[in-house]
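Trainee: File follows, start_13.tsv with TSV, C-alpha atoms and all ligand atoms:
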chain	number	residue	atom	x	y	z
A	1	MET	CA	0.00	0.00	0.00
A	2	ILE	CA	1.38	3.36	-1.03
A	3	PRO	CA	0.43	6.11	1.46
A	4	ALA	CA	-2.05	8.63	0.00
A	5	MET	CA	0.18	11.46	1.24
A	6	LEU	CA	3.07	10.25	-0.92
A	7	LEU	CA	0.88	10.13	-4.04
A	8	GLU	CA	-0.55	13.56	-3.21
A	9	GLU	CA	2.95	15.00	-2.82
A	10	ILE	CA	3.84	13.71	-6.31
A	11	ARG	CA	0.55	14.81	-7.91
A	12	LYS	CA	0.80	18.40	-6.70
A	13	SER	CA	4.43	18.98	-7.76
A	14	ASP	CA	5.55	20.18	-11.21
A	15	ARG	CA	9.34	20.17	-11.19
A	16	VAL	CA	10.81	16.99	-9.77
A	17	LEU	CA	14.38	15.87	-9.13
A	18	ILE	CA	14.82	12.10	-8.85
A	19	ALA	CA	18.14	10.84	-7.44
A	20	SER	CA	19.65	7.55	-6.41
A	21	HIS	CA	22.88	6.19	-4.94
A	22	THR	CA	26.39	6.49	-6.35
A	23	GLN	CA	27.77	3.33	-8.01
A	24	PRO	CA	24.19	2.58	-9.02
A	25	ASP	CA	22.93	-0.99	-9.38
A	26	GLY	CA	20.06	-2.24	-11.54
A	27	ASP	CA	17.47	-1.29	-8.93
A	28	ALA	CA	18.75	2.29	-8.63
A	29	ILE	CA	18.86	2.78	-12.41
A	30	GLY	CA	15.61	0.93	-13.19
A	31	SER	CA	13.61	2.60	-10.40
A	32	MET	CA	14.78	6.07	-11.46
A	33	LEU	CA	13.97	5.45	-15.12
A	34	ALA	CA	10.53	3.95	-14.52
A	35	LEU	CA	9.42	6.67	-12.11
A	36	GLY	CA	10.97	9.41	-14.27
A	37	VAL	CA	9.17	8.27	-17.42
A	38	CYS	CA	5.91	7.95	-15.45
A	39	LEU	CA	6.14	11.50	-14.08
A	40	LYS	CA	6.95	12.83	-17.56
A	41	ALA	CA	3.81	11.09	-18.83
A	42	LEU	CA	1.92	13.11	-16.19
A	43	GLY	CA	3.31	16.30	-17.74
A	44	LYS	CA	5.90	17.08	-15.06
A	45	THR	CA	9.38	18.44	-15.66
A	46	VAL	CA	11.71	15.71	-14.41
A	47	THR	CA	15.47	15.53	-13.90
A	48	LEU	CA	17.08	12.15	-13.21
A	49	TYR	CA	20.33	12.55	-11.32
A	50	ASN	CA	23.13	10.15	-10.50
A	51	GLU	CA	26.62	11.24	-9.54
A	52	SER	CA	28.19	8.12	-11.09
A	53	PRO	CA	27.99	7.02	-14.71
A	54	THR	CA	25.43	4.35	-15.60
A	55	PRO	CA	27.21	0.94	-15.63
A	56	ALA	CA	27.75	-0.37	-19.17
A	57	ILE	CA	25.48	-3.39	-18.60
A	58	PHE	CA	22.49	-1.07	-18.02
A	59	ARG	CA	23.09	1.28	-20.94
A	60	PHE	CA	20.75	-0.77	-23.16
A	61	LEU	CA	17.74	0.39	-21.15
A	62	PRO	CA	15.32	2.53	-23.18
A	63	SER	CA	15.56	6.25	-22.32
A	64	VAL	CA	18.68	5.62	-20.20
A	65	ASN	CA	20.12	8.92	-21.45
A	66	LEU	CA	17.57	10.74	-19.28
A	67	ILE	CA	19.94	10.00	-16.38
A	68	GLY	CA	22.69	12.58	-15.98
A	69	ASP	CA	25.16	13.90	-13.42
A	70	GLN	CA	23.86	17.49	-13.41
A	71	ALA	CA	21.02	18.56	-11.14
A	72	GLY	CA	21.21	22.24	-12.14
A	73	ASP	CA	19.78	24.94	-9.88
A	74	LEU	CA	18.10	23.24	-6.92
A	75	SER	CA	15.80	26.23	-6.35
A	76	ASP	CA	14.05	25.20	-9.61
A	77	TYR	CA	12.51	22.10	-8.00
A	78	ASP	CA	9.45	21.75	-5.81
A	79	LEU	CA	10.02	18.05	-5.06
A	80	ALA	CA	12.99	15.71	-4.65
A	81	ILE	CA	12.58	11.92	-4.68
A	82	VAL	CA	15.47	9.78	-3.42
A	83	LEU	CA	15.26	6.11	-4.43
A	84	ASP	CA	16.99	2.99	-3.06
A	85	CYS	CA	19.15	4.87	-0.52
A	86	GLY	CA	19.45	3.73	3.11
A	87	ASP	CA	20.78	7.15	4.06
A	88	LEU	CA	20.89	10.48	2.27
A	89	GLN	CA	24.70	10.51	1.96
A	90	ARG	CA	24.40	7.60	-0.50
A	91	ILE	CA	23.50	10.08	-3.28
A	92	GLY	CA	26.96	11.69	-2.95
A	93	ARG	CA	27.78	15.40	-3.12
A	94	LEU	CA	24.18	16.46	-3.76
A	95	SER	CA	23.28	15.32	-0.21
A	96	GLU	CA	24.72	18.61	1.11
A	97	ASP	CA	22.12	20.80	-0.62
A	98	ILE	CA	19.21	18.60	-1.70
A	99	GLU	CA	17.27	19.38	1.48
A	100	THR	CA	16.86	23.00	0.28
A	101	ILE	CA	14.16	21.57	-2.03
A	102	PRO	CA	10.81	22.10	-0.19
A	103	ALA	CA	9.80	18.40	-0.10
A	104	LEU	CA	11.96	15.27	-0.12
A	105	LEU	CA	10.44	11.80	-0.52
A	106	ASN	CA	12.60	8.89	0.67
A	107	ILE	CA	11.45	5.71	-1.09
A	108	ASP	CA	13.43	2.59	-0.24
A	109	HIS	CA	13.52	-1.05	0.88
A	110	HIS	CA	16.70	-1.14	3.04
A	111	VAL	CA	16.03	-2.26	6.65
A	112	THR	CA	18.75	0.13	7.82
A	113	ASN	CA	17.05	3.19	6.27
A	114	THR	CA	17.52	6.28	8.48
A	115	LEU	CA	14.05	7.67	7.55
A	116	PHE	CA	15.53	10.94	6.24
A	117	GLY	CA	13.45	13.37	4.20
A	118	THR	CA	10.15	15.16	4.73
A	119	PHE	CA	8.35	11.88	4.05
A	120	ALA	CA	9.82	8.37	4.18
A	121	HIS	CA	8.21	5.30	2.69
A	122	VAL	CA	10.41	2.32	3.53
A	123	ASP	CA	9.15	-1.20	2.87
A	124	SER	CA	11.84	-3.68	3.85
A	125	GLN	CA	9.61	-6.54	2.66
A	126	ALA	CA	9.80	-5.25	-0.92
A	127	CYS	CA	12.18	-7.27	-3.10
A	128	ALA	CA	13.46	-4.08	-4.71
A	129	THR	CA	12.76	-0.36	-4.64
A	130	ALA	CA	11.31	-1.04	-8.10
A	131	GLU	CA	8.52	-3.07	-6.45
A	132	ILE	CA	7.47	0.10	-4.57
A	133	VAL	CA	7.90	2.21	-7.72
A	134	TYR	CA	5.65	-0.25	-9.59
A	135	HIS	CA	2.86	0.35	-7.05
A	136	ILE	CA	3.34	4.13	-7.20
A	137	ILE	CA	3.04	4.12	-11.00
A	138	ARG	CA	-0.07	1.95	-10.81
A	139	ASP	CA	-1.65	4.11	-8.10
A	140	LEU	CA	-0.91	7.26	-10.12
A	141	GLY	CA	-2.95	5.67	-12.92
A	142	VAL	CA	-0.18	5.70	-15.54
A	143	ALA	CA	-0.16	2.79	-18.02
A	144	PHE	CA	3.13	0.88	-18.26
A	145	ASP	CA	4.95	1.21	-21.57
A	146	LYS	CA	7.92	-0.83	-22.81
A	147	THR	CA	10.40	1.65	-21.29
A	148	MET	CA	8.92	1.50	-17.79
A	149	ALA	CA	8.33	-2.26	-18.04
A	150	THR	CA	11.93	-2.99	-19.08
A	151	ALA	CA	13.28	-0.74	-16.31
A	152	ILE	CA	11.15	-2.36	-13.57
A	153	TYR	CA	11.84	-5.90	-14.84
A	154	THR	CA	15.62	-5.28	-14.96
A	155	ALA	CA	15.59	-3.77	-11.45
A	156	ILE	CA	13.74	-6.75	-9.94
A	157	LEU	CA	15.80	-9.32	-11.88
A	158	THR	CA	19.11	-7.85	-10.68
A	159	ASP	CA	18.08	-6.98	-7.09
A	160	THR	CA	16.85	-10.54	-6.52
A	161	GLY	CA	20.01	-12.03	-8.10
A	162	SER	CA	17.87	-13.54	-10.88
A	163	PHE	CA	15.23	-14.66	-8.36
A	164	MET	CA	17.82	-16.50	-6.24
A	165	PHE	CA	18.31	-14.17	-3.24
A	166	GLN	CA	16.30	-14.32	-0.02
A	167	ASN	CA	14.36	-11.16	-0.90
A	168	THR	CA	12.72	-13.01	-3.82
A	169	ASN	CA	9.01	-12.83	-2.98
A	170	THR	CA	5.78	-13.52	-4.87
A	171	ALA	CA	5.65	-9.87	-5.96
A	172	ALA	CA	8.98	-10.36	-7.76
A	173	PHE	CA	7.37	-12.98	-10.00
A	174	ALA	CA	3.95	-11.31	-10.29
A	175	ILE	CA	5.34	-7.89	-11.24
A	176	SER	CA	7.98	-9.41	-13.57
A	177	SER	CA	5.26	-11.39	-15.32
A	178	GLU	CA	3.16	-8.26	-15.79
A	179	MET	CA	6.18	-6.30	-17.03
A	180	VAL	CA	6.87	-8.97	-19.66
A	181	THR	CA	3.25	-8.64	-20.78
A	182	GLN	CA	3.84	-4.87	-21.04
A	183	GLY	CA	6.87	-5.26	-23.31
A	184	ALA	CA	9.94	-6.21	-21.25
A	185	ASP	CA	11.94	-8.86	-23.14
A	186	PRO	CA	13.61	-11.32	-20.70
A	187	TYR	CA	16.06	-12.66	-23.29
A	188	THR	CA	17.32	-9.21	-24.32
A	189	VAL	CA	17.64	-8.10	-20.70
A	190	ALA	CA	19.54	-11.27	-19.73
A	191	GLN	CA	21.89	-10.94	-22.73
A	192	CYS	CA	22.68	-7.32	-21.87
A	193	VAL	CA	23.01	-7.74	-18.11
A	194	TYR	CA	24.71	-11.14	-17.85
A	195	ALA	CA	26.33	-12.00	-21.18
A	196	THR	CA	28.36	-8.95	-22.04
A	197	TYR	CA	31.48	-9.41	-19.93
A	198	SER	CA	34.60	-7.80	-21.32
A	199	LEU	CA	37.82	-9.82	-21.53
A	200	GLY	CA	39.22	-7.42	-18.90
A	201	ARG	CA	36.44	-8.37	-16.50
A	202	LEU	CA	37.21	-12.08	-16.84
A	203	LYS	CA	40.93	-11.42	-16.26
A	204	LEU	CA	40.03	-9.33	-13.22
A	205	LEU	CA	37.80	-12.15	-11.97
A	206	ASN	CA	40.75	-14.51	-12.31
A	207	MET	CA	42.95	-12.22	-10.19
A	208	VAL	CA	40.27	-11.64	-7.56
A	209	LEU	CA	39.44	-15.37	-7.25
A	210	ASP	CA	43.13	-15.96	-6.62
A	211	THR	CA	42.90	-13.85	-3.43
A	212	ILE	CA	40.15	-15.94	-1.78
A	213	ASP	CA	40.82	-16.66	1.86
A	214	ILE	CA	38.63	-18.76	4.13
A	215	SER	CA	38.31	-18.41	7.92
A	216	ARG	CA	39.44	-21.31	10.09
A	217	ASN	CA	35.86	-22.46	10.70
A	218	GLY	CA	35.13	-22.25	6.96
A	219	LYS	CA	32.14	-19.93	7.41
A	220	LEU	CA	33.61	-16.67	6.12
A	221	SER	CA	35.49	-15.89	2.94
A	222	THR	CA	37.31	-12.77	1.80
A	223	MET	CA	38.41	-11.57	-1.61
A	224	PHE	CA	40.58	-8.57	-2.37
A	225	LEU	CA	40.50	-6.15	-5.27
A	226	SER	CA	43.22	-3.53	-5.65
A	227	GLN	CA	43.38	-0.44	-7.84
A	228	ARG	CA	46.42	-1.98	-9.51
A	229	MET	CA	44.39	-5.06	-10.61
A	230	MET	CA	41.89	-2.75	-12.27
A	231	GLU	CA	44.67	-0.80	-13.99
A	232	GLU	CA	46.33	-3.99	-15.23
A	233	THR	CA	43.10	-5.38	-16.68
A	234	GLY	CA	41.84	-2.04	-17.97
A	235	THR	CA	38.58	-2.47	-16.04
A	236	GLN	CA	36.24	0.09	-14.52
A	237	LEU	CA	34.05	0.09	-11.45
A	238	ASP	CA	31.11	-1.31	-13.38
A	239	ASP	CA	33.14	-4.40	-14.27
A	240	ILE	CA	33.21	-5.49	-10.61
A	241	TYR	CA	29.42	-5.73	-10.44
A	242	GLY	CA	28.50	-9.12	-8.88
A	243	LEU	CA	32.09	-10.26	-8.22
A	244	VAL	CA	31.43	-10.62	-4.49
A	245	ASN	CA	28.91	-13.40	-5.12
A	246	TYR	CA	31.59	-15.85	-6.30
A	247	ALA	CA	33.00	-16.19	-2.78
A	248	LYS	CA	29.50	-16.69	-1.41
A	249	HIS	CA	28.89	-19.78	-3.49
A	250	ILE	CA	31.67	-21.72	-1.75
A	251	GLU	CA	30.43	-24.72	0.26
A	252	ASP	CA	29.81	-23.91	3.99
A	253	VAL	CA	30.52	-20.19	3.51
A	254	GLN	CA	27.85	-18.09	5.23
A	255	VAL	CA	29.40	-14.65	4.81
A	256	ALA	CA	31.50	-13.44	1.90
A	257	ALA	CA	33.43	-10.17	1.97
A	258	LEU	CA	34.90	-8.35	-1.02
A	259	ILE	CA	37.51	-5.84	0.11
A	260	ARG	CA	38.05	-3.15	-2.49
A	261	GLU	CA	40.93	-0.72	-2.13
A	262	THR	CA	39.54	2.68	-3.13
A	263	HIS	CA	42.57	4.77	-2.17
A	264	MET	CA	46.11	3.91	-1.17
A	265	GLY	CA	47.63	6.31	1.33
A	266	MET	CA	51.03	6.49	2.98
A	267	ASN	CA	52.57	3.78	5.21
A	268	GLY	CA	50.45	1.07	3.64
A	269	LYS	CA	47.25	2.49	5.17
A	270	GLY	CA	44.40	2.85	2.73
A	271	VAL	CA	40.72	3.47	2.25
A	272	TYR	CA	38.68	0.32	1.70
A	273	HIS	CA	35.13	-0.47	0.78
A	274	VAL	CA	33.90	-3.84	2.02
A	275	SER	CA	30.88	-5.54	0.44
A	276	LEU	CA	29.31	-8.28	2.56
A	277	ARG	CA	27.04	-11.02	1.24
A	278	SER	CA	25.22	-13.61	3.28
A	279	SER	CA	24.11	-16.99	2.07
A	280	GLY	CA	20.93	-16.43	4.11
A	281	GLU	CA	21.37	-17.37	7.77
A	282	VAL	CA	23.46	-14.39	8.85
A	283	ASP	CA	22.14	-10.82	8.86
A	284	VAL	CA	25.03	-8.87	7.32
A	285	SER	CA	23.18	-5.53	7.56
A	286	SER	CA	23.66	-5.55	11.34
A	287	ILE	CA	27.38	-6.35	10.96
A	288	ALA	CA	27.72	-3.49	8.44
A	289	ALA	CA	25.71	-1.11	10.63
A	290	ARG	CA	28.06	-1.80	13.57
A	291	LEU	CA	30.96	-0.78	11.32
A	292	GLY	CA	29.33	2.44	10.10
A	293	GLY	CA	27.69	1.07	6.95
A	294	GLY	CA	24.32	-0.41	6.09
A	295	GLY	CA	22.32	-2.48	3.66
A	296	HIS	CA	20.04	-5.49	3.60
A	297	HIS	CA	19.85	-8.80	5.47
A	298	SER	CA	21.82	-10.58	2.72
A	299	ALA	CA	23.76	-7.73	1.09
A	300	ALA	CA	25.44	-4.87	2.91
A	301	GLY	CA	28.64	-2.86	3.00
A	302	PHE	CA	30.83	-0.45	4.92
A	303	LYS	CA	33.92	1.73	4.49
A	304	MET	CA	37.11	1.58	6.51
A	305	GLU	CA	39.99	4.02	6.38
A	306	GLY	CA	43.38	4.52	7.99
A	307	VAL	CA	43.98	0.77	8.30
A	308	SER	CA	46.32	-1.62	6.54
A	309	LEU	CA	44.92	-4.49	4.51
A	310	SER	CA	46.17	-7.04	7.04
A	311	GLU	CA	44.55	-5.16	9.94
A	312	LEU	CA	41.29	-4.97	8.02
A	313	LYS	CA	41.38	-8.67	7.13
A	314	ARG	CA	42.07	-9.56	10.75
A	315	SER	CA	39.01	-7.64	11.93
A	316	ILE	CA	36.84	-9.21	9.23
A	317	PHE	CA	38.06	-12.71	10.12
A	318	SER	CA	37.31	-12.01	13.79
A	319	LEU	CA	33.65	-11.79	12.73
A	320	ALA	CA	33.81	-15.45	11.69
A	321	GLU	CA	34.17	-16.65	15.28
A	322	ALA	CA	30.63	-15.50	16.02
A	323	LEU	CA	29.19	-17.41	13.05
A	401	MN	MN	17.61	-2.08	-4.11
Could you take the file, read its structure, and then write that structure out as structure tokens?
Mentor:
Amino acid sequence: MIPAMLLEEIRKSDRVLIASHTQPDGDAIGSMLALGVCLKALGKTVTLYNESPTPAIFRFLPSVNLIGDQAGDLSDYDLAIVLDCGDLQRIGRLSEDIETIPALLNIDHHVTNTLFGTFAHVDSQACATAEIVYHIIRDLGVAFDKTMATAIYTAILTDTGSFMFQNTNTAAFAISSEMVTQGADPYTVAQCVYATYSLGRLKLLNMVLDTIDISRNGKLSTMFLSQRMMEETGTQLDDIYGLVNYAKHIEDVQVAALIRETHMGMNGKGVYHVSLRSSGEVDVSSIAARLGGGGHHSAAGFKMEGVSLSELKRSIFSLAEAL
């Protein structure tokens, strides 16, 4: 159920800024596109903003060029909508000023959502933010076209790990089925999202798999990705999409961590981003939240800086004892 107040807030606004998190995934991109196209159909002026470039695997989406990294003059907007972000900082630099826009809707499905904004609608039971966006579009009375259908379908497909993750619910199948009826083509989406790996990505995968370490009790695995590996393979951030899942598929592993070096400082101390994935039993969002990050039950992350790689690995492995 979408709250009437949320729909009213959208109906009465004319100039809308829609934003989502940096390093966007399929849910961030698909939710933005579907809602953006819907609001345009209602005659509103819409800007879709993401600080990061759209990953190559999502550039096939119809109307994807509506997404840009310029929000323009924020005083031009009467409404901001932030999608798929557990906290406002996830949108990047724009988080400093976006609250100058008179109304800010926070629409999300992360359990760790901080309920920022003038109105928050967080449904942690939703398989993807796109599930909530689907209901908003329906409640606004806008008919789905191929563009919206492909965006919603892609978002649900990727956020549920192709209907394999724990968040896969009946809505994931019901909405996907309806989106296919409305023009989404499962074969095309699968080809674009899963079958377009560059040679560089496969070489990077080879290097990253070589770094797999398993805790003594076998329940936690780590992988490491350095900036140098990306330079050597000529890969970009969007090539690492999904890499963390490989270490999760190992027998007995309950928690997989991908440690990505984002900045190398002096004395071997760096800045690291750690992605955590759970095979289901362990709630990694609470582990991430304890370390200053956030996410979902089965997929979460946090940042760590001013530590060496060995210090960081030691603290991650210490988590294994509690598993
Ligand atoms: Mn999501």
Trainee: Give the residues close to ligand MN 401 (chain A), within 10 Å, counting all atoms listed in the file; write them as a VMD selection string.
Mentor: chain A and resid 21 24 to 31 83 to 86 108 to 110 124 126 to 131 155 to 156 158 to 160 295 to 296 299
Trainee: So which one's closest to Phe144 (chain A), A:Ala41, A:Ala247, A:Ala174, A:Leu205? Using only C-alpha atoms, please.
Mentor: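 Comparing A:Ala41, A:Ala247, A:Ala174, A:Leu205 against Phe144 (chain A), the winner is A:Ala41.
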Trainee: Pick the closest to Ser279 (chain A) from A:Thr150, A:Thr114, A:Thr235, A:Asn167: which is it, counting all atoms listed in the file?
Mentor: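 Smallest distance to Ser279 (chain A) is found for A:Asn167.
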Trainee: Write out as a list in words the residues lying within 7 Å of region 302-306 of chain A, counting only C-alpha atoms and excluding same-chain residues fewer than 2 positions away.
Mentor: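 Listed by chain and then number, they are Lys269, Gly270, Val271, Tyr272, His273, Val274, Ser275, Ala288, Leu291, Gly292, Gly293, Gly294 and Ser308 of chain A.
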Trainee: Let me make sure I understand: among A:Val111, A:His263, A:Ile2, A:Leu17, which one has the smallest atom-to-atom distance to Asn50 (chain A) if we use only C-alpha atoms?
Mentor: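 Among A:Val111, A:His263, A:Ile2, A:Leu17, it is A:Leu17 that comes nearest to Asn50 (chain A).
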Trainee: Show me the residues close to (9.8, 6.5, -4.2) - anything with an atom within 9 Å, counting all atoms listed in the file - and format the list as an MDAnalysis selection string.
Mentor: chainID A and resid 6 18 31:32 35 81:84 105:108 120:122 129:130 132:133 136
Trainee: To one decimal in Å, tell me the separation between CA of Val255 (chain A) and CA of Val193 (chain A).
Mentor: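 Distance between the two atoms: 24.8 Å.
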Trainee: List every protein, DNA or RNA residue with an atom no more than 12 Å from (23.4, 9.5, -16.0) in the file's coordinates, counting only C-alpha atoms, and format the result as an NGL selection string.
Mentor: :A and (18-24 or 28-30 or 32-33 or 47-56 or 58-59 or 61 or 63-71)
Trainee: Suppose you want the space between CA of Leu7 (chain A) and CA of Arg93 (chain A); what is it in Å?
Mentor: 27.4 Å
Trainee: Please output region 130-143 of chain A, rebuilt to include N, CA, C and O atoms, as a compact mmCIF listing (two decimals), in the frame of the given file.
Mentor:
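Ended up saving to out.txt:
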# COMPACT_ATOMS: atom_id res chain seq x y z
N ALA A 130 12.17 -1.01 -6.91
CA ALA A 130 11.31 -1.04 -8.10
C ALA A 130 9.94 -1.64 -7.81
O ALA A 130 8.96 -1.31 -8.49
N GLU A 131 9.84 -2.52 -6.82
CA GLU A 131 8.52 -3.07 -6.45
C GLU A 131 7.63 -1.93 -5.93
O GLU A 131 6.44 -1.85 -6.26
N ILE A 132 8.23 -1.04 -5.12
CA ILE A 132 7.47 0.10 -4.57
C ILE A 132 7.13 1.07 -5.70
O ILE A 132 6.00 1.56 -5.79
N VAL A 133 8.11 1.31 -6.58
CA VAL A 133 7.90 2.21 -7.72
C VAL A 133 6.77 1.68 -8.61
O VAL A 133 5.92 2.46 -9.09
N TYR A 134 6.73 0.37 -8.81
CA TYR A 134 5.65 -0.25 -9.59
C TYR A 134 4.30 0.14 -9.02
O TYR A 134 3.39 0.56 -9.74
N HIS A 135 4.14 0.02 -7.69
CA HIS A 135 2.86 0.35 -7.05
C HIS A 135 2.53 1.85 -7.16
O HIS A 135 1.37 2.22 -7.32
N ILE A 136 3.57 2.68 -7.07
CA ILE A 136 3.34 4.13 -7.20
C ILE A 136 2.82 4.44 -8.61
O ILE A 136 1.84 5.17 -8.76
N ILE A 137 3.46 3.87 -9.61
CA ILE A 137 3.04 4.12 -11.00
C ILE A 137 1.60 3.67 -11.20
O ILE A 137 0.77 4.39 -11.77
N ARG A 138 1.29 2.48 -10.67
CA ARG A 138 -0.07 1.95 -10.81
C ARG A 138 -1.08 2.85 -10.10
O ARG A 138 -2.12 3.19 -10.65
N ASP A 139 -0.73 3.27 -8.87
CA ASP A 139 -1.65 4.11 -8.10
C ASP A 139 -1.82 5.50 -8.71
O ASP A 139 -2.84 6.16 -8.50
N LEU A 140 -0.79 5.96 -9.45
CA LEU A 140 -0.91 7.26 -10.12
C LEU A 140 -1.74 7.13 -11.40
O LEU A 140 -2.05 8.12 -12.05
N GLY A 141 -2.08 5.89 -11.76
CA GLY A 141 -2.95 5.67 -12.92
C GLY A 141 -2.25 5.79 -14.26
O GLY A 141 -2.90 6.03 -15.28
N VAL A 142 -0.92 5.62 -14.27
CA VAL A 142 -0.18 5.70 -15.54
C VAL A 142 0.01 4.29 -16.09
O VAL A 142 0.41 3.37 -15.35
N ALA A 143 -0.30 4.11 -17.39
CA ALA A 143 -0.16 2.79 -18.02
C ALA A 143 1.33 2.50 -18.27
O ALA A 143 2.07 3.37 -18.70
